[in-house]
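Note sheet for the following structure.
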Amino acid sequence: MTDLDRLIRDVPDFPKTGIVFKDITPLLADAAGLRAAVEAMAAPWLGAGIDAVAGIESRGFILGAPLALRLGTGFVPIRKPGKLPGATVGEDYGLEYGHDRVEIHVDALPAGRRVLIVDDVLATGGTLAAARALVEKLHCEVAGAGVLLELAGLDGRARWRQGAPLRTVLRYA
């Protein structure tokens, strides 16, 4: 996946001093790169009986929607507070530079669905863990998670509970 690596740029001191942000916008702007990223993210899940893809705001939307199409299923947004128009359930979490909350519509998924959670980056793991908690609150099965890139040095994988695979395309120390 070294071709995808060249489309990821480092942005120092964003969003706070000391953070090196992995910017995927060059990858998103490159048609071949975006196609390759979506295909690589889809590969482990083809034929896995995924009923829905739940993408985390906001870059999880960008990757999750085409991934849902590739897997032949629908897409469900997991959003920041106050962004969904219907009744929601929420989950608070911590990240490497603060705290946040995500929400999902209470009627987004029928109970028993197998759901793939999608995001762009795995850092400290708080966002993925919160998304998993939301899907489970809806009495759905978390089939696993798919992430474009993992910042392994932040050990976010340790927060992902066993029982569902976590697949990443790119891994950075």
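By convention here, the chains of the structure tokens are called A, B, ... in the order presented, each chain's residues are numbered starting at 1, and ligands are numbered starting at 1 in the order presented.
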Practice item. Write out as a PyMOL selection string which residues come within 8 Å of range 18-34 of chain A when counting only C-alpha atoms, dropping same-chain ones fewer than 2 positions away. Key: chain A and resi 3-4+7-16+36-38
Please produce an output containing N, CA, C and O atoms for each residue in the selection, written as an mmCIF file, in the first residue's frame.
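After the write, out03.cif holds the following:
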```cif
data_model
loop_
_atom_site.group_PDB
_atom_site.id
_atom_site.type_symbol
_atom_site.label_atom_id
_atom_site.label_comp_id
_atom_site.auth_asym_id
_atom_site.auth_seq_id
_atom_site.Cartn_x
_atom_site.Cartn_y
_atom_site.Cartn_z
ATOM 1 N N ASP A 3 1.719 3.012 -2.393
ATOM 2 C CA ASP A 3 1.150 4.025 -3.282
ATOM 3 C C ASP A 3 0.165 4.909 -2.528
ATOM 4 O O ASP A 3 0.095 6.107 -2.767
ATOM 5 N N LEU A 4 -0.596 4.318 -1.613
ATOM 6 C CA LEU A 4 -1.516 5.111 -0.798
ATOM 7 C C LEU A 4 -0.748 5.983 0.185
ATOM 8 O O LEU A 4 -1.162 7.107 0.463
ATOM 9 N N LEU A 7 -0.016 9.489 -0.734
ATOM 10 C CA LEU A 7 -1.167 10.391 -0.801
ATOM 11 C C LEU A 7 -1.638 10.863 0.575
ATOM 12 O O LEU A 7 -2.644 11.556 0.686
ATOM 13 N N ILE A 8 -0.913 10.485 1.620
ATOM 14 C CA ILE A 8 -1.222 10.927 2.984
ATOM 15 C C ILE A 8 -0.149 11.940 3.374
ATOM 16 O O ILE A 8 1.044 11.664 3.261
ATOM 17 N N ARG A 9 -0.561 13.120 3.826
ATOM 18 C CA ARG A 9 0.440 14.114 4.222
ATOM 19 C C ARG A 9 0.342 14.402 5.720
ATOM 20 O O ARG A 9 -0.740 14.352 6.298
ATOM 21 N N ASP A 10 1.477 14.708 6.301
ATOM 22 C CA ASP A 10 1.547 15.091 7.710
ATOM 23 C C ASP A 10 1.327 16.590 7.844
ATOM 24 O O ASP A 10 1.922 17.379 7.101
ATOM 25 N N VAL A 11 0.482 16.966 8.800
ATOM 26 C CA VAL A 11 0.259 18.377 9.111
ATOM 27 C C VAL A 11 0.611 18.561 10.583
ATOM 28 O O VAL A 11 -0.144 18.158 11.464
ATOM 29 N N PRO A 12 1.804 19.151 10.858
ATOM 30 C CA PRO A 12 2.207 19.317 12.257
ATOM 31 C C PRO A 12 1.353 20.349 12.987
ATOM 32 O O PRO A 12 0.834 21.295 12.388
ATOM 33 N N ASP A 13 1.196 20.106 14.289
ATOM 34 C CA ASP A 13 0.502 21.034 15.192
ATOM 35 C C ASP A 13 -0.945 21.291 14.810
ATOM 36 O O ASP A 13 -1.447 22.404 14.942
ATOM 37 N N PHE A 14 -1.620 20.241 14.340
ATOM 38 C CA PHE A 14 -3.046 20.345 14.029
ATOM 39 C C PHE A 14 -3.752 19.130 14.611
ATOM 40 O O PHE A 14 -3.291 18.011 14.425
ATOM 41 N N PRO A 15 -4.833 19.290 15.297
ATOM 42 C CA PRO A 15 -5.563 20.519 15.621
ATOM 43 C C PRO A 15 -4.999 21.273 16.817
ATOM 44 O O PRO A 15 -5.460 22.362 17.131
ATOM 45 N N LYS A 16 -3.990 20.686 17.494
ATOM 46 C CA LYS A 16 -3.335 21.353 18.618
ATOM 47 C C LYS A 16 -1.827 21.177 18.494
ATOM 48 O O LYS A 16 -1.350 20.246 17.848
ATOM 49 N N ALA A 36 -8.587 2.719 -4.760
ATOM 50 C CA ALA A 36 -7.715 1.709 -4.141
ATOM 51 C C ALA A 36 -7.958 1.616 -2.641
ATOM 52 O O ALA A 36 -7.969 0.518 -2.072
ATOM 53 N N ALA A 37 -8.160 2.753 -1.998
ATOM 54 C CA ALA A 37 -8.418 2.758 -0.553
ATOM 55 C C ALA A 37 -9.724 2.051 -0.233
ATOM 56 O O ALA A 37 -9.794 1.219 0.679
ATOM 57 N N VAL A 38 -10.775 2.360 -0.980
ATOM 58 C CA VAL A 38 -12.079 1.725 -0.736
ATOM 59 C C VAL A 38 -11.997 0.227 -1.009
ATOM 60 O O VAL A 38 -12.513 -0.587 -0.235
#
```
Check your understanding: Looking only at the backbone, which of the residues in range 9-153 of chain A does DSSP tag as strand (DSSP E or B), as number ranges by chain?
Key -> A: 9-12, 20-23, 52-56, 74-79, 88-95, 98-105, 114-122, 141-151
Check your understanding: From the list A:Ala164, A:Val169, A:Val121, A:Ala48, which residue is nearest Val142 in chain A when using only C-alpha atoms?
Key -> A:Ala164
Practice item. Report the residues of range 50-122 of chain A whose backbone DSSP state falls under helix (DSSP H, G or I), written as a PyMOL selection string. Key: chain A and resi 59-71
Exercise for review: Write out as an MDAnalysis selection string the residues lying within 12 Å of range 85-101 of chain A, counting only C-alpha atoms and excluding same-chain residues fewer than 4 positions away.
Suggested key: chainID A and resid 13:21 56:57 77:81 105:109 121:138 151 153:156 159
Range 103-134 of chain A residues near range 68-72 of chain A within 12 Å, closest pair each, using only C-alpha atoms, as a tab-separated table:
```
residue	atom	partner	partner_atom	distance
A:Val115	CA	A:Ala68	CA	10.5
A:Leu116	CA	A:Ala68	CA	9.1
A:Ile117	CA	A:Ala68	CA	10.5
A:Val118	CA	A:Ala68	CA	9.7
```
Practice item. Record the distance separating CA of Cys140 in chain A and CA of Gly74 in chain A, expressed in Å with one decimal. Key: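 Calculated distance between CA of Cys140 in chain A and CA of Gly74 in chain A is 14.6 Å.
Residues surrounding Asp51 in chain A within 6 Å are Thr73, Arg113, Arg114 and Val115 of chain A [only C-alpha atoms; sequence separation below 3 positions excluded].
Considering the residues A:Asp5, A:Arg35, A:Val53, A:Glu150 and counting only C-alpha atoms, Ala65 in chain A has its shortest atom-to-atom contact with A:Val53.
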Review point. Do you know which residues are at most 8 Å from Pro165 in chain A counting only C-alpha atoms, after dropping those on the same chain fewer than 3 positions away, and could you put them as a ChimeraX atom specification?
Key: /A:143-145,162
